[in-house]
$ cat query_38.txt   # compact mmCIF, C-alpha atoms
# COMPACT_ATOMS: atom_id res chain seq x y z
CA MET I 1269 -59.68 104.73 -41.09
CA ASP I 1270 -56.93 106.06 -38.86
CA ALA I 1271 -54.83 103.08 -37.75
CA THR I 1272 -52.80 105.02 -35.17
CA VAL I 1273 -52.30 103.42 -31.78
CA LEU I 1274 -51.09 105.75 -29.05
CA SER I 1275 -49.66 104.34 -25.82
CA VAL I 1276 -50.66 106.68 -22.99
CA ALA I 1277 -50.22 106.90 -19.24
CA ALA I 1278 -52.09 108.82 -16.56
CA VAL I 1279 -49.85 109.39 -13.54
CA GLN I 1280 -51.64 109.87 -10.23
CA LEU I 1281 -49.72 111.88 -7.64
CA SER I 1282 -50.04 112.99 -4.03
CA SER I 1283 -48.26 116.32 -4.38
CA GLY I 1284 -47.79 118.81 -1.56
CA SER I 1285 -46.05 122.12 -0.96
CA ASN I 1286 -42.47 120.80 -1.38
CA LYS I 1287 -41.64 121.39 -5.05
CA GLU I 1288 -38.42 119.39 -5.01
CA ALA I 1289 -40.12 116.36 -3.50
CA ASN I 1290 -43.05 116.63 -5.91
CA VAL I 1291 -40.83 116.73 -8.98
CA ALA I 1292 -38.74 113.81 -7.69
CA ALA I 1293 -41.91 111.74 -7.18
CA ALA I 1294 -43.16 112.62 -10.65
CA VAL I 1295 -39.84 111.66 -12.24
CA GLU I 1296 -39.95 108.17 -10.73
CA LEU I 1297 -43.52 107.53 -11.88
CA VAL I 1298 -42.82 108.90 -15.36
CA ARG I 1299 -39.93 106.44 -15.60
CA SER I 1300 -42.26 103.64 -14.54
CA ALA I 1301 -44.82 104.64 -17.17
CA ALA I 1302 -42.16 104.72 -19.88
CA GLN I 1303 -40.90 101.29 -18.83
CA ARG I 1304 -44.43 99.99 -19.33
CA GLY I 1305 -44.47 101.30 -22.89
CA ALA I 1306 -46.22 104.65 -22.62
CA THR I 1307 -45.00 107.30 -25.06
CA TYR I 1308 -47.44 110.04 -23.94
CA ILE I 1309 -47.36 110.49 -20.17
CA GLN I 1310 -49.73 112.88 -18.39
CA LEU I 1311 -49.24 114.31 -14.89
CA PRO I 1312 -51.98 115.94 -12.75
CA GLU I 1313 -52.85 119.58 -12.19
CA TYR I 1314 -50.47 121.42 -9.85
CA PHE I 1315 -48.08 118.50 -10.14
CA ASN I 1316 -45.07 120.36 -8.70
CA TYR I 1317 -46.89 122.48 -6.10
CA LEU I 1318 -50.18 121.62 -4.42
CA GLY I 1319 -50.11 123.88 -1.40
CA PRO I 1320 -51.87 126.91 0.07
CA ALA I 1321 -52.65 129.80 -2.27
CA ARG I 1322 -50.33 132.03 -0.24
CA GLY I 1323 -47.43 129.99 -1.60
CA TYR I 1324 -48.29 130.36 -5.28
CA LEU I 1325 -46.14 133.43 -5.88
CA ASP I 1326 -43.06 131.73 -4.44
CA ALA I 1327 -43.83 128.53 -6.35
CA ALA I 1328 -44.34 130.32 -9.68
CA GLU I 1329 -41.74 130.09 -12.42
CA THR I 1330 -41.36 130.90 -16.08
CA VAL I 1331 -42.13 128.58 -19.00
CA PRO I 1332 -39.59 127.46 -20.11
CA GLY I 1333 -38.04 127.44 -16.66
CA PRO I 1334 -36.44 125.20 -14.02
CA THR I 1335 -39.19 122.58 -13.87
CA THR I 1336 -39.67 122.34 -17.63
CA SER I 1337 -35.87 122.02 -17.97
CA THR I 1338 -35.72 119.12 -15.49
CA MET I 1339 -38.70 117.34 -17.00
CA GLY I 1340 -37.50 118.14 -20.53
CA ASP I 1341 -34.23 116.36 -19.81
CA LEU I 1342 -36.29 113.39 -18.63
CA ALA I 1343 -38.48 113.42 -21.76
CA ARG I 1344 -35.38 113.48 -23.94
CA SER I 1345 -33.65 110.66 -22.06
CA LEU I 1346 -36.76 108.45 -22.26
CA GLY I 1347 -37.83 109.50 -25.76
CA VAL I 1348 -41.40 110.27 -24.65
CA SER I 1349 -43.86 113.16 -24.58
CA ILE I 1350 -44.57 114.40 -21.04
CA HIS I 1351 -47.65 116.47 -20.31
CA LEU I 1352 -46.94 118.49 -17.18
CA GLY I 1353 -50.58 118.53 -16.08
CA SER I 1354 -50.16 122.03 -14.75
CA LEU I 1355 -47.72 124.18 -12.85
CA VAL I 1356 -47.85 127.68 -11.40
CA GLU I 1357 -46.49 130.08 -14.02
CA SER I 1358 -45.29 133.63 -13.36
CA SER I 1359 -47.42 136.41 -14.83
CA PRO I 1360 -46.84 140.10 -15.57
CA VAL I 1361 -49.61 141.06 -13.12
CA SER I 1362 -48.47 141.78 -9.56
CA GLY I 1363 -49.83 139.25 -7.06
CA LYS I 1364 -51.21 136.94 -9.76
CA VAL I 1365 -49.99 133.79 -11.51
CA TYR I 1366 -51.23 131.44 -14.23
CA ASN I 1367 -52.26 127.80 -13.84
CA THR I 1368 -50.50 126.47 -16.93
CA SER I 1369 -50.44 123.13 -18.70
CA VAL I 1370 -47.19 122.36 -20.55
CA LEU I 1371 -46.56 119.64 -23.13
CA LEU I 1372 -42.97 118.54 -23.69
CA ASP I 1373 -42.06 116.63 -26.83
CA PRO I 1374 -39.54 113.74 -26.94
CA SER I 1375 -36.71 116.20 -27.58
CA GLY I 1376 -37.57 117.92 -24.28
CA ARG I 1377 -38.87 121.03 -26.01
CA VAL I 1378 -42.01 122.87 -24.91
CA SER I 1379 -44.37 122.05 -27.78
CA ALA I 1380 -47.66 123.42 -26.40
CA THR I 1381 -49.03 125.40 -23.46
CA TYR I 1382 -52.51 126.08 -22.17
CA ARG I 1383 -53.52 128.43 -19.35
CA LYS I 1384 -56.57 127.32 -17.37
CA ALA I 1385 -59.59 129.26 -18.65
CA HIS I 1386 -62.25 128.41 -16.07
CA LEU I 1387 -61.18 129.17 -12.52
CA PHE I 1388 -62.36 127.18 -9.51
CA ASP I 1389 -64.48 129.74 -7.66
CA VAL I 1390 -67.06 127.73 -5.70
CA ASP I 1391 -69.09 127.90 -2.52
CA VAL I 1392 -70.64 124.54 -1.62
CA PRO I 1393 -71.65 124.80 2.06
CA GLY I 1394 -70.22 122.02 4.14
CA ALA I 1395 -68.11 120.76 1.25
CA VAL I 1396 -65.78 123.25 -0.38
CA VAL I 1397 -65.27 127.01 -0.46
CA HIS I 1398 -62.49 128.21 -2.74
CA ARG I 1399 -61.68 131.18 -4.98
CA GLU I 1400 -58.90 130.34 -7.42
CA SER I 1401 -59.35 133.73 -9.10
CA GLU I 1402 -57.95 135.52 -6.04
CA VAL I 1403 -54.47 134.41 -7.11
CA ILE I 1404 -54.83 132.89 -10.60
CA LEU I 1405 -55.29 134.76 -13.88
CA ALA I 1406 -57.58 133.03 -16.39
CA GLY I 1407 -56.21 132.11 -19.79
CA ASP I 1408 -58.04 133.27 -22.90
CA GLU I 1409 -57.07 130.75 -25.58
CA LEU I 1410 -57.97 127.13 -26.28
CA ALA I 1411 -55.15 124.80 -27.28
CA LEU I 1412 -54.83 121.79 -29.56
CA ALA I 1413 -51.55 119.87 -29.61
CA THR I 1414 -50.30 116.99 -31.77
CA VAL I 1415 -48.57 113.92 -30.31
CA GLU I 1416 -47.45 111.21 -32.73
CA GLY I 1417 -49.98 112.46 -35.26
CA VAL I 1418 -52.84 112.41 -32.73
CA LYS I 1419 -54.67 115.67 -31.98
CA MET I 1420 -54.96 116.37 -28.24
CA GLY I 1421 -57.31 118.95 -26.73
CA LEU I 1422 -55.79 120.55 -23.63
CA SER I 1423 -57.80 121.43 -20.53
CA ILE I 1424 -57.38 121.57 -16.74
CA CYS I 1425 -59.65 120.27 -13.96
CA PHE I 1426 -62.57 122.71 -13.46
CA ASP I 1427 -62.76 123.17 -17.25
CA LEU I 1428 -64.45 119.76 -17.14
CA ARG I 1429 -67.75 121.40 -16.16
CA PHE I 1430 -67.92 123.44 -19.39
CA PRO I 1431 -68.98 121.11 -22.23
CA GLU I 1432 -68.93 123.90 -24.80
CA MET I 1433 -65.14 124.07 -24.42
CA TYR I 1434 -64.72 120.39 -25.22
CA ARG I 1435 -67.13 120.61 -28.15
CA ALA I 1436 -64.98 123.41 -29.55
CA LEU I 1437 -61.89 121.22 -29.12
CA GLY I 1438 -63.64 118.24 -30.69
CA ALA I 1439 -64.89 120.32 -33.61
CA ALA I 1440 -61.32 121.54 -34.12
CA GLY I 1441 -60.22 117.92 -34.50
CA ALA I 1442 -59.29 116.74 -31.00
CA GLN I 1443 -59.21 112.94 -30.83
CA VAL I 1444 -58.00 112.79 -27.22
CA LEU I 1445 -59.18 115.17 -24.50
CA CYS I 1446 -56.59 115.79 -21.79
CA VAL I 1447 -57.92 116.51 -18.29
CA PRO I 1448 -55.14 116.78 -15.67
CA ALA I 1449 -56.85 117.54 -12.37
CA ALA I 1450 -56.73 118.11 -8.64
CA PHE I 1451 -60.47 117.49 -8.29
CA ASN I 1452 -61.93 118.23 -4.88
CA ALA I 1453 -62.67 115.12 -2.82
CA SER I 1454 -66.25 116.12 -1.95
CA THR I 1455 -67.46 117.05 -5.43
CA GLY I 1456 -65.33 114.31 -6.98
CA ARG I 1457 -67.40 111.59 -5.34
CA ALA I 1458 -70.54 113.00 -6.93
CA HIS I 1459 -69.37 114.30 -10.30
CA TRP I 1460 -65.89 113.19 -11.44
CA GLU I 1461 -66.69 109.97 -13.31
CA VAL I 1462 -69.93 111.16 -14.87
CA LEU I 1463 -68.29 114.35 -16.16
CA ILE I 1464 -65.30 112.50 -17.61
CA ARG I 1465 -67.50 109.96 -19.36
CA ALA I 1466 -69.92 112.65 -20.58
CA ARG I 1467 -67.13 114.63 -22.24
CA ALA I 1468 -65.95 111.43 -23.98
CA ILE I 1469 -69.46 110.47 -25.16
CA GLU I 1470 -70.46 113.97 -26.32
CA ASN I 1471 -67.41 114.28 -28.55
CA HIS I 1472 -66.67 110.61 -29.30
CA ALA I 1473 -63.13 111.18 -28.10
CA PHE I 1474 -60.77 109.44 -25.72
CA VAL I 1475 -60.25 111.16 -22.36
CA VAL I 1476 -57.04 110.87 -20.35
CA ALA I 1477 -57.43 112.28 -16.85
CA ALA I 1478 -54.48 112.20 -14.43
CA ALA I 1479 -55.47 113.31 -10.94
CA GLN I 1480 -54.11 114.25 -7.56
CA VAL I 1481 -55.10 111.95 -4.70
CA GLY I 1482 -55.17 112.22 -0.90
CA THR I 1483 -55.06 115.08 1.58
CA THR I 1484 -52.08 117.39 1.93
CA ALA I 1485 -50.54 118.44 5.24
CA GLU I 1486 -52.43 121.71 4.89
CA GLY I 1487 -55.76 119.91 4.44
CA ILE I 1488 -56.24 120.11 0.66
CA ALA I 1489 -58.30 116.98 -0.10
CA THR I 1490 -58.34 115.57 -3.65
CA PHE I 1491 -60.38 112.74 -5.12
CA GLY I 1492 -57.94 110.72 -7.21
CA HIS I 1493 -59.58 108.11 -9.45
CA SER I 1494 -57.39 108.90 -12.45
CA MET I 1495 -59.13 107.57 -15.57
CA ILE I 1496 -58.73 106.67 -19.22
CA VAL I 1497 -62.05 106.51 -21.11
CA ASP I 1498 -62.83 105.51 -24.70
CA PRO I 1499 -65.00 107.39 -27.28
CA TRP I 1500 -68.07 105.30 -26.36
CA GLY I 1501 -67.76 106.33 -22.70
CA ALA I 1502 -66.37 103.01 -21.47
CA VAL I 1503 -63.77 103.20 -18.72
CA ILE I 1504 -60.58 101.55 -19.97
CA GLU I 1505 -58.55 102.14 -16.81
CA GLU I 1506 -59.33 103.70 -13.43
CA SER I 1507 -57.23 103.99 -10.29
CA THR I 1508 -58.90 102.92 -7.06
CA LYS I 1509 -55.78 103.56 -5.00
CA GLU I 1510 -55.62 106.25 -2.32
CA SER I 1511 -51.99 106.76 -3.25
CA PRO I 1512 -49.82 107.51 -6.31
CA ASP I 1513 -50.46 105.22 -9.26
CA VAL I 1514 -49.75 104.78 -12.96
CA LEU I 1515 -52.41 103.81 -15.52
CA VAL I 1516 -51.26 102.69 -18.97
CA ALA I 1517 -53.42 101.97 -22.03
CA LYS I 1518 -53.11 101.66 -25.79
CA LEU I 1519 -55.59 103.93 -27.57
CA ASP I 1520 -56.81 102.77 -30.98
CA VAL I 1521 -57.41 106.25 -32.34
CA GLY I 1522 -59.39 104.82 -35.26
CA GLN I 1523 -62.26 104.37 -32.81
CA VAL I 1524 -62.77 108.15 -32.83
CA SER I 1525 -63.58 108.40 -36.52
CA GLU I 1526 -65.55 105.15 -36.32
CA ARG I 1527 -67.83 106.43 -33.55
CA ARG I 1528 -68.17 109.87 -35.13
CA ALA I 1529 -69.33 108.19 -38.35
CA GLN I 1530 -71.92 106.11 -36.48
CA ILE I 1531 -73.40 109.09 -34.61
CA ALA I 1532 -72.23 112.17 -36.48
CA VAL I 1533 -72.55 114.69 -33.66
CA MET I 1534 -69.97 117.00 -35.22
CA ASP I 1535 -71.89 117.10 -38.52
CA PHE I 1536 -75.31 117.49 -36.90
CA ARG I 1537 -74.41 120.54 -34.81
CA ARG I 1538 -76.45 123.73 -35.38
CA PRO I 1539 -74.06 126.59 -34.52
CA ASP I 1540 -76.42 128.95 -36.36
CA LEU I 1541 -78.87 128.40 -33.49
CA TYR I 1542 -76.54 128.44 -30.53
CA GLY I 1543 -75.69 132.13 -30.73
CA SER I 1544 -79.29 133.20 -31.24
CA PRO I 1545 -81.64 134.38 -28.49
CA VAL I 1546 -83.62 131.62 -26.79
CA HIS I 1547 -87.35 131.99 -27.39
CA SER I 1548 -89.18 132.28 -24.10
CA PHE I 1549 -92.85 131.35 -23.81
CA ASP I 1550 -94.92 132.96 -21.10
CA VAL I 1551 -97.38 130.72 -19.33
CA VAL I 1552 -100.83 132.30 -19.37
CA SER I 1553 -103.26 131.20 -16.69
CA PRO I 1554 -106.70 130.29 -18.00
$ encode --input "query_38.txt" --output "structure tokens"
Amino acid sequence: MDATVLSVAAVQLSSGSNKEANVAAAVELVRSAAQRGATYIQLPEYFNYLGPARGYLDAAETVPGPTTSTMGDLARSLGVSIHLGSLVESSPVSGKVYNTSVLLDPSGRVSATYRKAHLFDVDVPGAVVHRESEVILAGDELALATVEGVKMGLSICFDLRFPEMYRALGAAGAQVLCVPAAFNASTGRAHWEVLIRARAIENHAFVVAAAQVGTTAEGIATFGHSMIVDPWGAVIEESTKESPDVLVAKLDVGQVSERRAQIAVMDFRRPDLYGSPVHSFDVVSP
């Protein structure tokens, strides 16, 4: 059985449209997480810019670039891995950017990237209307990274609603599912916890979910409730603060293989069926 123990942190932020202030706030909380023993530290989605879509082009930068350089220096000085939940990355398409997750290793090097695949295009009357695809380009590759020998499946926020993505990551060996988010306050109250726990249970994997919290000056309202969940779906840590926070936990990664042996969901899958047409029965009235 895998005896690896990984010390992780989920950093909850209240980012806004001031990139310099956002990065400074993240640096302080990353330092706090490292002081508490975390060696893998995850930040939320849009950690360095959570502002109106009209500001995305100005906020965008290359990867590697200025923000990854600053945070890379921090990772190197602390000797930790820092997962920059996501930042706005420049793209070759005029008027469009990527929403990109970046993992920095303890040397400060970019060791993995993932561009958000499922874009937040929703219309919930009275709750939220948003079209991320108007400015963001969707990524077209899944990503698995390794931190201290532990396989981490990368994802971002709205991806959480697509279980087939997490099953693909789990089947590829992911032991920890990473879900940095800026989950909407309205839908978060109804769906955030149940989705996080479902993804953990379905794949018998840990989930680390660092989230944005609060309402920005421009009225962007996020749910918070950063969470760390174990492979049985139990909540290890959850933030109940309406402000920045740091959650730290030690993950006994051996629990993943233990739970997958007890209920072998990966072995019992039937991929030969899933791509086949679904048989439809017509109801005939007597």
$ residues_around --input "query_38.txt" --residues "segment 1334-1351 of chain I" --least-positions-apart "5" --cutoff "10 Å" --atoms "only C-alpha atoms" --output "ChimeraX atom specification"
/I:1276-1278,1287-1288,1291-1292,1294-1295,1298-1299,1301-1303,1305-1312,1316,1329,1369-1381,1415-1416,1422,1446,1448,1478
$ atom_distance --input "query_38.txt" --atom1 "atom CA of Cys1425 of chain I" --atom2 "atom CA of Ala1413 of chain I"
17.6 Å
$ axis_aligned_box --input "query_38.txt" --around "segment 1514-1525 of chain I" --padding-each-side "3 Å" --output "JSON"
{"center_x": -56.7, "center_y": 105.0, "center_z": -24.7, "size_x": 19.8, "size_y": 12.7, "size_z": 29.6}
$ residues_near_point --input "query_38.txt" --point "(-49.2, 123.7, -13.6)" --cutoff "8 Å" --atoms "all atoms listed in the file" --output "list in words"
Glu1313, Tyr1314, Phe1315, Asn1316, Tyr1317, Leu1352, Gly1353, Ser1354, Leu1355, Val1356, Glu1357, Asn1367, Thr1368, Ser1369 and Val1370 of chain I
$ closest_atom_pairs --input "query_38.txt" --of "segment 1282-1394 of chain I" --to "segment 1487-1508 of chain I" --cutoff "9 Å" --atoms "only C-alpha atoms" --output "Markdown table"
| residue | atom | partner | partner_atom | distance |
| --- | --- | --- | --- | --- |
| I:Ser1282 | CA | I:Thr1490 | CA | 8.7 |
| I:Gly1284 | CA | I:Ile1488 | CA | 8.8 |
| I:Pro1312 | CA | I:Ser1494 | CA | 8.9 |
| I:Leu1318 | CA | I:Ile1488 | CA | 8.1 |
| I:Gly1319 | CA | I:Ile1488 | CA | 7.5 |
| I:Pro1320 | CA | I:Ile1488 | CA | 8.1 |
$ atom_distance --input "query_38.txt" --atom1 "atom CA of Glu1461 of chain I" --atom2 "atom CA of Val1533 of chain I"
21.7 Å
$ residues_around --input "query_38.txt" --residues "Asn1471 of chain I" --least-positions-apart "4" --cutoff "7 Å" --atoms "only C-alpha atoms" --output "MDAnalysis selection string"
chainID I and resid 1435 1438 1467
$ atom_distance --input "query_38.txt" --atom1 "atom CA of Ser1283 of chain I" --atom2 "atom CA of Ala1328 of chain I"
15.5 Å
$ closest_residue --input "query_38.txt" --among "I:Pro1554, I:Val1273, I:Ser1358, I:Arg1399" --to "Pro1332 of chain I" --atoms "only C-alpha atoms"
I:Ser1358
$ closest_residue --input "query_38.txt" --among "I:Phe1430, I:Val1390, I:Phe1549, I:Arg1383" --to "Gly1407 of chain I" --atoms "all atoms listed in the file"
I:Arg1383
$ closest_residue --input "query_38.txt" --among "I:Leu1410, I:Val1365, I:Ala1293, I:Val1516" --to "Gly1323 of chain I" --atoms "only C-alpha atoms"
I:Val1365
